[in-house]
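Student: Next comes the structure file work24.pdb, holding PDB, C-alpha atoms and all ligand atoms.
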ATOM      1  CA  MET A  25     -49.814 -32.923  42.114
ATOM      2  CA  SER A  26     -51.791 -35.259  44.266
ATOM      3  CA  GLY A  27     -55.134 -37.004  44.243
ATOM      4  CA  ASP A  28     -57.839 -38.903  46.066
ATOM      5  CA  ARG A  29     -60.401 -41.581  45.366
ATOM      6  CA  PRO A  30     -63.990 -40.247  45.367
ATOM      7  CA  THR A  31     -65.326 -42.838  47.805
ATOM      8  CA  GLY A  32     -66.543 -40.586  50.614
ATOM      9  CA  PRO A  33     -65.768 -37.497  52.640
ATOM     10  CA  LEU A  34     -62.123 -36.588  53.202
ATOM     11  CA  HIS A  35     -61.078 -36.737  56.846
ATOM     12  CA  LEU A  36     -58.601 -35.157  59.233
ATOM     13  CA  GLY A  37     -55.927 -37.684  58.214
ATOM     14  CA  HIS A  38     -56.190 -36.429  54.628
ATOM     15  CA  TYR A  39     -56.162 -32.835  55.804
ATOM     16  CA  PHE A  40     -53.001 -33.041  57.903
ATOM     17  CA  GLY A  41     -51.417 -35.759  55.756
ATOM     18  CA  THR A  42     -51.621 -34.064  52.368
ATOM     19  CA  LEU A  43     -54.283 -31.353  51.867
ATOM     20  CA  GLN A  44     -52.562 -28.811  54.079
ATOM     21  CA  ASN A  45     -49.306 -29.352  52.160
ATOM     22  CA  ARG A  46     -51.101 -28.916  48.846
ATOM     23  CA  VAL A  47     -52.481 -25.589  50.034
ATOM     24  CA  ARG A  48     -49.092 -24.474  51.364
ATOM     25  CA  LEU A  49     -47.336 -25.380  48.110
ATOM     26  CA  GLN A  50     -49.949 -23.524  46.128
ATOM     27  CA  GLN A  51     -49.703 -20.477  48.362
ATOM     28  CA  GLY A  52     -45.932 -20.613  47.809
ATOM     29  CA  GLY A  53     -46.469 -20.313  44.067
ATOM     30  CA  ALA A  54     -46.406 -23.973  42.941
ATOM     31  CA  GLU A  55     -48.682 -24.942  40.058
ATOM     32  CA  LEU A  56     -51.006 -27.540  41.573
ATOM     33  CA  THR A  57     -52.867 -30.361  39.830
ATOM     34  CA  VAL A  58     -55.365 -32.511  41.753
ATOM     35  CA  LEU A  59     -56.624 -35.798  40.419
ATOM     36  CA  VAL A  60     -60.054 -37.160  41.251
ATOM     37  CA  ALA A  61     -59.153 -40.846  40.948
ATOM     38  CA  ASP A  62     -62.540 -42.198  39.882
ATOM     39  CA  TYR A  63     -61.254 -45.275  38.026
ATOM     40  CA  GLN A  64     -59.233 -46.158  41.124
ATOM     41  CA  VAL A  65     -62.499 -46.513  43.066
ATOM     42  CA  LEU A  66     -62.964 -49.858  41.291
ATOM     43  CA  THR A  67     -59.879 -51.404  42.870
ATOM     44  CA  ASP A  68     -61.752 -52.737  45.901
ATOM     45  CA  ARG A  69     -65.460 -52.740  44.937
ATOM     46  CA  ASP A  70     -67.660 -53.790  42.042
ATOM     47  CA  VAL A  71     -69.282 -50.490  41.169
ATOM     48  CA  ALA A  72     -68.431 -46.861  41.834
ATOM     49  CA  ALA A  73     -71.691 -46.011  43.598
ATOM     50  CA  ASN A  74     -72.976 -42.423  43.931
ATOM     51  CA  LEU A  75     -69.977 -41.204  42.015
ATOM     52  CA  GLY A  76     -71.409 -37.780  41.129
ATOM     53  CA  GLU A  77     -72.176 -37.101  44.756
ATOM     54  CA  HIS A  78     -68.770 -38.277  45.988
ATOM     55  CA  VAL A  79     -66.931 -36.247  43.334
ATOM     56  CA  ASP A  80     -68.857 -33.113  44.311
ATOM     57  CA  GLY A  81     -68.092 -33.788  47.971
ATOM     58  CA  LEU A  82     -64.396 -34.235  47.203
ATOM     59  CA  VAL A  83     -64.191 -30.967  45.289
ATOM     60  CA  LEU A  84     -66.042 -29.218  48.123
ATOM     61  CA  ASP A  85     -63.528 -30.636  50.609
ATOM     62  CA  TYR A  86     -60.679 -29.309  48.429
ATOM     63  CA  LEU A  87     -62.137 -25.828  48.136
ATOM     64  CA  ALA A  88     -62.998 -25.793  51.841
ATOM     65  CA  ALA A  89     -59.420 -26.754  52.750
ATOM     66  CA  GLY A  90     -58.195 -23.723  50.833
ATOM     67  CA  ILE A  91     -57.258 -25.159  47.448
ATOM     68  CA  ASP A  92     -57.757 -22.342  44.941
ATOM     69  CA  PRO A  93     -60.873 -22.716  42.730
ATOM     70  CA  GLY A  94     -58.612 -21.927  39.750
ATOM     71  CA  THR A  95     -56.586 -25.127  40.387
ATOM     72  CA  THR A  96     -56.561 -27.884  37.762
ATOM     73  CA  ILE A  97     -58.850 -30.457  39.415
ATOM     74  CA  VAL A  98     -59.625 -33.293  37.016
ATOM     75  CA  ALA A  99     -61.092 -36.816  37.022
ATOM     76  CA  HIS A 100     -59.527 -39.911  35.422
ATOM     77  CA  SER A 101     -62.675 -40.446  33.384
ATOM     78  CA  ALA A 102     -62.284 -37.005  31.810
ATOM     79  CA  LEU A 103     -58.734 -37.819  30.654
ATOM     80  CA  PRO A 104     -58.627 -40.641  28.095
ATOM     81  CA  ALA A 105     -55.014 -39.807  27.189
ATOM     82  CA  LEU A 106     -53.947 -40.485  30.765
ATOM     83  CA  ASN A 107     -55.324 -44.014  30.596
ATOM     84  CA  GLN A 108     -53.349 -44.620  27.426
ATOM     85  CA  LEU A 109     -50.128 -44.125  29.364
ATOM     86  CA  LEU A 110     -50.968 -47.164  31.482
ATOM     87  CA  LEU A 111     -50.002 -49.704  28.810
ATOM     88  CA  PRO A 112     -46.427 -48.594  28.187
ATOM     89  CA  PHE A 113     -46.008 -48.085  31.932
ATOM     90  CA  LEU A 114     -47.128 -51.645  32.673
ATOM     91  CA  SER A 115     -44.499 -52.890  30.233
ATOM     92  CA  LEU A 116     -41.842 -51.267  32.420
ATOM     93  CA  VAL A 117     -42.581 -53.116  35.672
ATOM     94  CA  SER A 118     -42.404 -56.758  36.630
ATOM     95  CA  VAL A 119     -45.191 -58.793  38.185
ATOM     96  CA  ALA A 120     -42.874 -59.393  41.156
ATOM     97  CA  GLU A 121     -42.564 -55.638  41.697
ATOM     98  CA  LEU A 122     -46.331 -55.239  41.639
ATOM     99  CA  GLU A 123     -46.699 -58.164  44.057
ATOM    100  CA  ARG A 124     -44.293 -56.659  46.583
ATOM    101  CA  ASN A 125     -46.296 -53.416  47.139
ATOM    102  CA  PRO A 126     -47.158 -53.320  50.882
ATOM    103  CA  THR A 127     -50.040 -50.836  50.471
ATOM    104  CA  VAL A 128     -51.699 -53.008  47.836
ATOM    105  CA  LYS A 129     -51.149 -56.087  50.030
ATOM    106  CA  ASP A 130     -52.879 -54.331  52.922
ATOM    107  CA  GLU A 131     -55.764 -53.171  50.720
ATOM    108  CA  ILE A 132     -56.226 -56.703  49.418
ATOM    109  CA  VAL A 133     -56.573 -57.981  53.000
ATOM    110  CA  GLN A 134     -59.002 -55.160  53.879
ATOM    111  CA  SER A 135     -61.150 -55.671  50.776
ATOM    112  CA  ARG A 136     -61.764 -59.366  51.616
ATOM    113  CA  ARG A 137     -62.470 -60.239  47.994
ATOM    114  CA  ALA A 138     -60.797 -61.804  44.975
ATOM    115  CA  VAL A 139     -57.910 -59.678  43.714
ATOM    116  CA  SER A 140     -58.819 -57.973  40.440
ATOM    117  CA  GLY A 141     -56.274 -57.090  37.781
ATOM    118  CA  LEU A 142     -56.998 -53.456  38.546
ATOM    119  CA  MET A 143     -56.236 -53.840  42.254
ATOM    120  CA  PHE A 144     -52.933 -55.346  41.309
ATOM    121  CA  THR A 145     -51.962 -52.790  38.673
ATOM    122  CA  TYR A 146     -53.458 -49.525  39.901
ATOM    123  CA  PRO A 147     -50.115 -48.231  41.227
ATOM    124  CA  ALA A 148     -48.921 -48.188  37.577
ATOM    125  CA  HIS A 149     -52.077 -46.245  36.687
ATOM    126  CA  GLN A 150     -51.298 -43.886  39.551
ATOM    127  CA  ALA A 151     -47.880 -43.371  37.949
ATOM    128  CA  ALA A 152     -49.770 -42.035  34.921
ATOM    129  CA  ASP A 153     -51.698 -39.659  37.234
ATOM    130  CA  ILE A 154     -48.412 -38.260  38.427
ATOM    131  CA  LEU A 155     -46.435 -38.318  35.192
ATOM    132  CA  PHE A 156     -48.984 -37.122  32.596
ATOM    133  CA  GLY A 157     -48.355 -33.535  33.700
ATOM    134  CA  LYS A 158     -44.639 -34.146  34.439
ATOM    135  CA  SER A 159     -45.201 -33.328  38.077
ATOM    136  CA  THR A 160     -42.153 -33.089  40.308
ATOM    137  CA  LEU A 161     -43.532 -33.048  43.862
ATOM    138  CA  VAL A 162     -46.309 -35.202  45.297
ATOM    139  CA  PRO A 163     -47.714 -34.357  48.753
ATOM    140  CA  VAL A 164     -49.027 -37.662  50.127
ATOM    141  CA  GLY A 165     -49.579 -39.714  53.250
ATOM    142  CA  GLN A 166     -47.054 -42.386  54.182
ATOM    143  CA  ASP A 167     -49.200 -45.207  52.737
ATOM    144  CA  GLN A 168     -48.601 -43.796  49.256
ATOM    145  CA  LEU A 169     -44.791 -44.061  49.373
ATOM    146  CA  PRO A 170     -44.670 -47.479  47.661
ATOM    147  CA  HIS A 171     -46.715 -46.017  44.782
ATOM    148  CA  LEU A 172     -44.350 -43.064  44.545
ATOM    149  CA  GLU A 173     -41.395 -45.447  44.449
ATOM    150  CA  LEU A 174     -42.995 -47.346  41.571
ATOM    151  CA  THR A 175     -43.686 -44.062  39.761
ATOM    152  CA  ARG A 176     -40.042 -43.104  40.118
ATOM    153  CA  THR A 177     -38.986 -46.503  38.773
ATOM    154  CA  ILE A 178     -41.310 -46.141  35.793
ATOM    155  CA  ALA A 179     -40.070 -42.621  35.017
ATOM    156  CA  ARG A 180     -36.422 -43.727  35.185
ATOM    157  CA  ARG A 181     -36.947 -46.854  33.093
ATOM    158  CA  PHE A 182     -38.968 -44.982  30.481
ATOM    159  CA  ASN A 183     -36.219 -42.379  30.181
ATOM    160  CA  ASP A 184     -33.493 -45.054  29.985
ATOM    161  CA  ARG A 185     -35.309 -47.044  27.347
ATOM    162  CA  TYR A 186     -36.755 -44.289  25.154
ATOM    163  CA  GLY A 187     -34.949 -41.047  25.998
ATOM    164  CA  PRO A 188     -35.622 -38.310  28.541
ATOM    165  CA  VAL A 189     -39.336 -37.523  28.807
ATOM    166  CA  PHE A 190     -40.274 -37.619  32.485
ATOM    167  CA  PRO A 191     -38.928 -35.916  35.600
ATOM    168  CA  VAL A 192     -38.423 -38.309  38.536
ATOM    169  CA  PRO A 193     -40.910 -36.983  41.114
ATOM    170  CA  GLU A 194     -40.388 -36.726  44.879
ATOM    171  CA  ALA A 195     -42.879 -37.471  47.642
ATOM    172  CA  LEU A 196     -43.592 -34.765  50.197
ATOM    173  CA  LEU A 197     -44.620 -36.132  53.590
ATOM    174  CA  SER A 198     -46.180 -34.012  56.304
ATOM    175  CA  ALA A 199     -45.520 -33.920  60.050
ATOM    176  CA  ALA A 200     -48.568 -36.179  60.426
ATOM    177  CA  PRO A 201     -48.192 -38.796  57.723
ATOM    178  CA  LEU A 202     -50.474 -41.099  59.695
ATOM    179  CA  LEU A 203     -53.329 -40.228  62.048
ATOM    180  CA  LEU A 204     -55.199 -43.051  63.745
ATOM    181  CA  GLY A 205     -58.964 -43.412  63.576
ATOM    182  CA  THR A 206     -61.350 -43.800  66.520
ATOM    183  CA  ASP A 207     -60.657 -47.566  66.631
ATOM    184  CA  GLY A 208     -56.892 -47.142  66.852
ATOM    185  CA  GLN A 209     -56.351 -48.326  63.258
ATOM    186  CA  LYS A 210     -55.193 -46.073  60.413
ATOM    187  CA  MET A 211     -57.857 -43.392  59.817
ATOM    188  CA  SER A 212     -59.618 -44.455  56.642
ATOM    189  CA  LYS A 213     -62.821 -43.635  54.773
ATOM    190  CA  SER A 214     -63.563 -47.296  54.255
ATOM    191  CA  ARG A 215     -62.970 -48.387  57.871
ATOM    192  CA  GLY A 216     -65.683 -46.128  59.307
ATOM    193  CA  ASN A 217     -63.287 -44.752  61.948
ATOM    194  CA  ALA A 218     -62.723 -41.291  60.495
ATOM    195  CA  ILE A 219     -63.624 -37.720  61.440
ATOM    196  CA  ALA A 220     -64.634 -35.962  58.238
ATOM    197  CA  ILE A 221     -63.325 -32.487  57.463
ATOM    198  CA  GLY A 222     -66.940 -31.433  56.901
ATOM    199  CA  ALA A 223     -68.290 -33.077  60.094
ATOM    200  CA  SER A 224     -70.318 -30.868  62.442
ATOM    201  CA  ALA A 225     -68.945 -29.793  65.817
ATOM    202  CA  ASP A 226     -71.339 -32.228  67.536
ATOM    203  CA  GLU A 227     -70.374 -35.169  65.348
ATOM    204  CA  THR A 228     -66.725 -34.341  65.983
ATOM    205  CA  ALA A 229     -67.317 -34.370  69.741
ATOM    206  CA  ARG A 230     -69.159 -37.684  69.570
ATOM    207  CA  LEU A 231     -66.444 -39.329  67.477
ATOM    208  CA  VAL A 232     -63.558 -38.059  69.588
ATOM    209  CA  ARG A 233     -65.327 -39.223  72.767
ATOM    210  CA  SER A 234     -65.664 -42.703  71.253
ATOM    211  CA  ALA A 235     -61.962 -42.899  70.370
ATOM    212  CA  LYS A 236     -59.929 -45.744  71.792
ATOM    213  CA  THR A 237     -57.360 -44.802  74.456
ATOM    214  CA  ASP A 238     -55.486 -46.890  77.056
ATOM    215  CA  ALA A 239     -55.500 -47.669  80.775
ATOM    216  CA  ASP A 240     -52.791 -45.214  81.822
ATOM    217  CA  ARG A 241     -54.469 -42.208  83.504
ATOM    218  CA  HIS A 242     -51.533 -39.864  82.963
ATOM    219  CA  ILE A 243     -51.373 -38.430  79.423
ATOM    220  CA  THR A 244     -47.998 -38.517  77.689
ATOM    221  CA  TYR A 245     -46.835 -38.325  74.084
ATOM    222  CA  ASP A 246     -45.221 -41.614  73.206
ATOM    223  CA  PRO A 247     -46.246 -42.802  69.737
ATOM    224  CA  ALA A 248     -44.295 -46.070  69.979
ATOM    225  CA  THR A 249     -45.875 -47.411  73.180
ATOM    226  CA  ARG A 250     -49.125 -45.388  73.338
ATOM    227  CA  PRO A 251     -50.247 -45.054  69.701
ATOM    228  CA  GLU A 252     -53.928 -44.205  70.332
ATOM    229  CA  VAL A 253     -53.357 -41.564  73.010
ATOM    230  CA  SER A 254     -50.417 -40.107  71.074
ATOM    231  CA  SER A 255     -52.440 -39.803  67.888
ATOM    232  CA  LEU A 256     -55.067 -37.777  69.793
ATOM    233  CA  VAL A 257     -52.338 -35.612  71.308
ATOM    234  CA  LEU A 258     -50.834 -35.089  67.838
ATOM    235  CA  LEU A 259     -54.216 -34.134  66.388
ATOM    236  CA  ALA A 260     -54.718 -31.467  69.062
ATOM    237  CA  ALA A 261     -51.140 -30.227  68.569
ATOM    238  CA  LEU A 262     -51.633 -29.920  64.806
ATOM    239  CA  CYS A 263     -54.819 -27.907  65.293
ATOM    240  CA  LEU A 264     -53.227 -25.714  67.979
ATOM    241  CA  ASP A 265     -49.983 -25.339  65.993
ATOM    242  CA  SER A 266     -48.220 -26.532  69.123
ATOM    243  CA  ASP A 267     -45.777 -29.252  70.131
ATOM    244  CA  PRO A 268     -47.309 -32.657  71.012
ATOM    245  CA  VAL A 269     -45.053 -33.085  74.057
ATOM    246  CA  ALA A 270     -46.269 -29.726  75.414
ATOM    247  CA  VAL A 271     -49.916 -30.580  74.730
ATOM    248  CA  ALA A 272     -49.525 -33.912  76.562
ATOM    249  CA  ALA A 273     -47.804 -32.214  79.510
ATOM    250  CA  ASP A 274     -50.644 -29.670  79.746
ATOM    251  CA  VAL A 275     -53.246 -32.423  79.971
ATOM    252  CA  GLY A 276     -51.061 -34.674  82.143
ATOM    253  CA  PRO A 277     -53.227 -35.965  85.012
ATOM    254  CA  GLY A 278     -56.421 -34.891  83.190
ATOM    255  CA  GLY A 279     -56.558 -38.374  81.714
ATOM    256  CA  ALA A 280     -58.328 -39.516  78.557
ATOM    257  CA  ALA A 281     -61.430 -37.405  79.257
ATOM    258  CA  GLY A 282     -59.321 -34.280  79.687
ATOM    259  CA  LEU A 283     -57.378 -35.053  76.536
ATOM    260  CA  LYS A 284     -60.545 -35.601  74.530
ATOM    261  CA  LYS A 285     -61.945 -32.272  75.640
ATOM    262  CA  VAL A 286     -58.770 -30.526  74.430
ATOM    263  CA  VAL A 287     -58.946 -32.406  71.119
ATOM    264  CA  ILE A 288     -62.622 -31.611  70.542
ATOM    265  CA  ASP A 289     -62.148 -27.895  71.198
ATOM    266  CA  ALA A 290     -58.970 -27.720  69.109
ATOM    267  CA  VAL A 291     -60.467 -29.560  66.114
ATOM    268  CA  ASN A 292     -63.717 -27.633  66.172
ATOM    269  CA  GLU A 293     -61.969 -24.302  66.439
ATOM    270  CA  TYR A 294     -59.429 -25.064  63.716
ATOM    271  CA  PHE A 295     -62.000 -26.426  61.290
ATOM    272  CA  ALA A 296     -64.742 -23.844  61.918
ATOM    273  CA  PRO A 297     -63.693 -21.527  59.055
ATOM    274  CA  ILE A 298     -63.020 -24.520  56.778
ATOM    275  CA  ARG A 299     -66.473 -25.919  57.516
ATOM    276  CA  ALA A 300     -68.076 -22.520  56.932
ATOM    277  CA  ARG A 301     -66.316 -22.249  53.568
ATOM    278  CA  ARG A 302     -67.487 -25.752  52.683
ATOM    279  CA  ALA A 303     -71.103 -24.851  53.436
ATOM    280  CA  ALA A 304     -70.850 -21.701  51.326
ATOM    281  CA  TYR A 305     -69.502 -23.613  48.298
ATOM    282  CA  ALA A 306     -72.032 -26.413  48.818
ATOM    283  CA  ALA A 307     -74.859 -23.905  48.424
ATOM    284  CA  ASP A 308     -73.844 -23.376  44.781
ATOM    285  CA  ARG A 309     -72.854 -26.611  43.051
ATOM    286  CA  GLY A 310     -72.401 -24.673  39.801
ATOM    287  CA  VAL A 311     -68.954 -23.708  41.064
ATOM    288  CA  VAL A 312     -67.972 -27.375  41.459
ATOM    289  CA  ARG A 313     -69.115 -28.163  37.897
ATOM    290  CA  GLU A 314     -67.160 -25.190  36.538
ATOM    291  CA  VAL A 315     -63.991 -26.169  38.396
ATOM    292  CA  LEU A 316     -64.177 -29.709  36.977
ATOM    293  CA  ALA A 317     -64.940 -28.570  33.421
ATOM    294  CA  ALA A 318     -62.062 -26.087  33.407
ATOM    295  CA  GLY A 319     -59.755 -28.712  34.949
ATOM    296  CA  ALA A 320     -60.686 -31.276  32.307
ATOM    297  CA  ALA A 321     -59.965 -28.838  29.477
ATOM    298  CA  ARG A 322     -56.591 -27.770  30.853
ATOM    299  CA  ALA A 323     -55.390 -31.221  31.918
ATOM    300  CA  GLY A 324     -56.717 -32.763  28.681
ATOM    301  CA  ALA A 325     -54.418 -30.586  26.604
ATOM    302  CA  VAL A 326     -51.459 -31.464  28.836
ATOM    303  CA  ALA A 327     -52.180 -35.218  28.779
ATOM    304  CA  ASP A 328     -52.609 -35.204  24.981
ATOM    305  CA  ALA A 329     -49.262 -33.476  24.541
ATOM    306  CA  THR A 330     -47.505 -35.933  26.872
ATOM    307  CA  LEU A 331     -49.077 -38.913  25.128
ATOM    308  CA  THR A 332     -47.875 -37.618  21.745
ATOM    309  CA  GLN A 333     -44.395 -37.208  23.171
ATOM    310  CA  VAL A 334     -44.485 -40.720  24.655
ATOM    311  CA  ARG A 335     -45.653 -42.288  21.410
ATOM    312  CA  THR A 336     -42.986 -40.427  19.472
ATOM    313  CA  ALA A 337     -40.262 -41.508  21.888
ATOM    314  CA  MET A 338     -41.486 -45.115  21.631
ATOM    315  CA  GLY A 339     -41.558 -45.080  17.826
ATOM    316  CA  MET A 340     -45.331 -45.460  17.862
ATOM    317  CA  ALA A 341     -46.276 -42.195  16.234
ATOM    318  CA  TYR A 342     -46.148 -43.638  12.718
TER     319      TYR A 342
HETATM  320  N1  LIG B   1     -54.084 -43.782  45.917
HETATM  321  C1  LIG B   1     -54.335 -42.484  46.511
HETATM  322  C2  LIG B   1     -55.125 -42.733  47.827
HETATM  323  O1  LIG B   1     -55.744 -43.762  47.980
HETATM  324  C3  LIG B   1     -55.130 -41.560  45.630
HETATM  325  C4  LIG B   1     -54.398 -41.136  44.390
HETATM  326  C5  LIG B   1     -54.753 -41.422  43.108
HETATM  327  C6  LIG B   1     -53.199 -40.361  44.311
HETATM  328  N2  LIG B   1     -53.913 -40.880  42.231
HETATM  329  C7  LIG B   1     -52.935 -40.210  42.924
HETATM  330  C8  LIG B   1     -52.343 -39.784  45.259
HETATM  331  C9  LIG B   1     -51.815 -39.516  42.483
HETATM  332  C10 LIG B   1     -51.212 -39.091  44.792
HETATM  333  C11 LIG B   1     -50.964 -38.964  43.422
HETATM  334  O2  LIG B   1     -55.129 -41.857  48.657
END
Represent the structure contained in this file as structure tokens.
Tutor:
Amino acid sequence: MSGDRPTGPLHLGHYFGTLQNRVRLQQGGAELTVLVADYQVLTDRDVAANLGEHVDGLVLDYLAAGIDPGTTIVAHSALPALNQLLLPFLSLVSVAELERNPTVKDEIVQSRRAVSGLMFTYPAHQAADILFGKSTLVPVGQDQLPHLELTRTIARRFNDRYGPVFPVPEALLSAAPLLLGTDGQKMSKSRGNAIAIGASADETARLVRSAKTDADRHITYDPATRPEVSSLVLLAALCLDSDPVAVAADVGPGGAAGLKKVVIDAVNEYFAPIRARRAAYAADRGVVREVLAAGAARAGAVADATLTQVRTAMGMAY
């Protein structure tokens, strides 16, 4: 299982960080659940604006990426039983543990606002996303590892305190757990530095051309000392299914302009069928509604059953 906040279009970092792994797992026979984390939108803003539109866009990105339309795709707000798991889960973690979470710390800095109780506790809510369906494997980007660690802690402590209910899930990282955005910072919907999966070929070209590079004319792959250039090289390599060192060597003296041309062509070619599929699904939003309704029904039954089991284990099913 995995999930995303419906705050805007998914980008290439999401695709190579987690979406591609979700599709691969599903094609390998895994039963996939995808959570549309609508309550989690409220961690860093007052209102979840244009939620219907963002949720539709998210589901379109999923289907475009190759996630099967028969997958359980479900929103927090459609799963009241999931939210009920939050309370016992909060009782299993200390305030100090919540305070230590580096991803939350970073998000607090980025959000430049007072820290809400939700911002502080959402990783425990995310544990409920993962555990309500007893999921075992969670394809995520590197920034989600602290949340996975907390989920594992919660699962273990619940089992120790009340008896075995939850599996202890594992994270699954991809070869590109972190792609940089056009400004050289982590690619992120909220930082305005991202190339959307559904972007047009022209928009892609414009964004790649605007990407930050460095002063060294000769292109090499060296993530530690040349993060911006290396992230572009990696992006091209991922699209070309090639090795980043080989891609860098091919460009070599071509410099940043040569590298960007390779990246633009590689991204546009790789994503052409994905973008075509997205447009086809977008023409009939009925499909999106049906996917969400079916997901809510299926996941609702699972979450209800888990909640009953949790309450029984806790001696609260009196
Ligand atoms: N916090 C994740 C993000 O910002 C989204 C998310 C919500 C998630 N629930 C999840 C990821 C459960 C994995 C599993 O990208």
Student: As a check of understanding, name the residues that the PyMOL selection byres (((chain A and resi 255) around 9) and not hetatm) selects in the supplied structure, as a list in words.
Tutor: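 Taken on the displayed file, the PyMOL selection byres (((chain A and resi 255) around 9) and not hetatm) yields the residues Leu202, Leu203, Leu204, Gly205, Gly208, Tyr245, Pro247, Arg250, Pro251, Glu252, Val253, Ser254, Leu256, Val257, Leu258, Leu259 and Ala260 of chain A.
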Student: Per residue of chain A within 9 Å of ligand LIG 1 (chain B), record the nearest atom pair and its distance in Å to one decimal, counting all atoms listed in the file, with rows in chain order and ascending residue number, as a tab-separated table.
Tutor:
residue	atom	partner	partner_atom	distance
A:Met25	CA	B:LIG1	C11	6.3
A:Ser26	CA	B:LIG1	C11	3.9
A:Gly27	CA	B:LIG1	C6	3.9
A:Asp28	CA	B:LIG1	C3	3.8
A:Arg29	CA	B:LIG1	C3	5.3
A:Pro30	CA	B:LIG1	C3	9.0
A:His38	CA	B:LIG1	O2	8.1
A:Val58	CA	B:LIG1	C9	7.9
A:Leu59	CA	B:LIG1	N2	6.0
A:Val60	CA	B:LIG1	C5	7.1
A:Ala61	CA	B:LIG1	C5	4.9
A:Asp62	CA	B:LIG1	C5	8.5
A:Gln64	CA	B:LIG1	C5	6.8
A:Val65	CA	B:LIG1	O1	8.8
A:His100	CA	B:LIG1	N2	8.9
A:Tyr146	CA	B:LIG1	N1	8.3
A:Pro147	CA	B:LIG1	N1	7.6
A:His149	CA	B:LIG1	N2	7.9
A:Gln150	CA	B:LIG1	N2	4.8
A:Ala151	CA	B:LIG1	C9	7.1
A:Ala152	CA	B:LIG1	C9	8.2
A:Asp153	CA	B:LIG1	C9	5.3
A:Ile154	CA	B:LIG1	C9	5.4
A:Val162	CA	B:LIG1	C11	6.3
A:Pro163	CA	B:LIG1	C10	7.1
A:Val164	CA	B:LIG1	C10	5.9
A:Gly165	CA	B:LIG1	O2	7.5
A:Asp167	CA	B:LIG1	O2	7.9
A:Gln168	CA	B:LIG1	N1	6.4
A:His171	CA	B:LIG1	N1	7.8
A:Leu172	CA	B:LIG1	C11	7.9
A:Ala195	CA	B:LIG1	C10	9.0
Student: Could you pull the residues within 12 Å of Val334 (chain A), counting all atoms listed in the file, minus those fewer than 2 positions along the same chain, as a VMD selection string?
Tutor: chain A and resid 105 to 106 108 to 113 152 155 to 156 158 179 182 to 183 185 to 190 327 to 332 336 to 341
Student: One decimal, in Å: what's the spacing between CA of Gln50 (chain A) and CA of Gly310 (chain A)?
Tutor: 23.4 Å
Student: Would you pick out the contacts of Gly222 (chain A) at 12 Å or less, using all atoms listed in the file, so that residues sharing its chain but fewer than 5 positions from it are not included, and give the list as a compact mmCIF listing (two decimals) with C-alpha atoms, keeping the file's coordinate frame?
Tutor:
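Writing the result to result21.txt gives the following:
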# COMPACT_ATOMS: atom_id res chain seq x y z
CA GLY A 32 -66.54 -40.59 50.61
CA PRO A 33 -65.77 -37.50 52.64
CA LEU A 34 -62.12 -36.59 53.20
CA HIS A 35 -61.08 -36.74 56.85
CA LEU A 36 -58.60 -35.16 59.23
CA TYR A 39 -56.16 -32.84 55.80
CA GLY A 81 -68.09 -33.79 47.97
CA LEU A 82 -64.40 -34.24 47.20
CA VAL A 83 -64.19 -30.97 45.29
CA LEU A 84 -66.04 -29.22 48.12
CA ASP A 85 -63.53 -30.64 50.61
CA TYR A 86 -60.68 -29.31 48.43
CA LEU A 87 -62.14 -25.83 48.14
CA ALA A 88 -63.00 -25.79 51.84
CA ALA A 89 -59.42 -26.75 52.75
CA GLU A 227 -70.37 -35.17 65.35
CA THR A 228 -66.72 -34.34 65.98
CA VAL A 291 -60.47 -29.56 66.11
CA ASN A 292 -63.72 -27.63 66.17
CA TYR A 294 -59.43 -25.06 63.72
CA PHE A 295 -62.00 -26.43 61.29
CA ALA A 296 -64.74 -23.84 61.92
CA PRO A 297 -63.69 -21.53 59.06
CA ILE A 298 -63.02 -24.52 56.78
CA ARG A 299 -66.47 -25.92 57.52
CA ALA A 300 -68.08 -22.52 56.93
CA ARG A 301 -66.32 -22.25 53.57
CA ARG A 302 -67.49 -25.75 52.68
CA ALA A 303 -71.10 -24.85 53.44
CA ALA A 304 -70.85 -21.70 51.33
CA TYR A 305 -69.50 -23.61 48.30
CA ALA A 306 -72.03 -26.41 48.82
Student: Which of these residues is nearest to Ala218 (chain A), using all atoms listed in the file: A:Leu142, A:Val287, A:Val98, A:Ala235?
Tutor: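 Closest candidate: A:Ala235.
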Student: For a test of reading the model, state the distance in Å between CA of Asp70 (chain A) and CA of Thr96 (chain A), rounded to one decimal.
Tutor: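 Value for the CA of Asp70 (chain A)-CA of Thr96 (chain A) distance: 28.5 Å.
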Student: Could you jot down the CA of Arg48 (chain A) to CA of Leu196 (chain A) separation for me, Å, one decimal place?
Tutor: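 Atom-to-atom, CA of Arg48 (chain A) and CA of Leu196 (chain A) are spaced 11.7 Å apart.
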Student: I'd like to know which of A:Asp240, A:Glu173, A:Asp130, A:Asp308 is closest to Gly276 (chain A), using all atoms listed in the file.
Tutor: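 The answer is A:Asp240, which sits nearest to Gly276 (chain A).
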Student: May I have the centre and edge lengths, in Å to one decimal, of an axis-aligned box around the listed atoms of region 222-228 of chain A with 4 Å added to every side, as lines of an AutoDock Vina configuration file?
Tutor:
center_x = -69.0
center_y = -32.5
center_z = 62.2
size_x = 12.6
size_y = 13.4
size_z = 18.6
Student: Got a sec: who's within 9 Å of Pro170 (chain A), counting only C-alpha atoms, leaving out chain neighbours fewer than 4 positions off, as number ranges by chain?
Tutor: A: 125-128, 147, 166, 174-175
Student: So, with only C-alpha atoms as the atoms that count, which of A:Thr57, A:Gln333, A:Thr244, A:Thr206 lies closest to Ala220 (chain A)?
Tutor: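 Smallest separation from Ala220 (chain A) among the options: A:Thr206.
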Student: Restricting the calculation to all atoms listed in the file, which member of A:Ile132, A:Leu122, A:Leu161, A:Ala138 is positioned closest to Arg46 (chain A)?
Tutor: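 Going through A:Ile132, A:Leu122, A:Leu161, A:Ala138 one by one, the smallest distance to Arg46 (chain A) is for A:Leu161.
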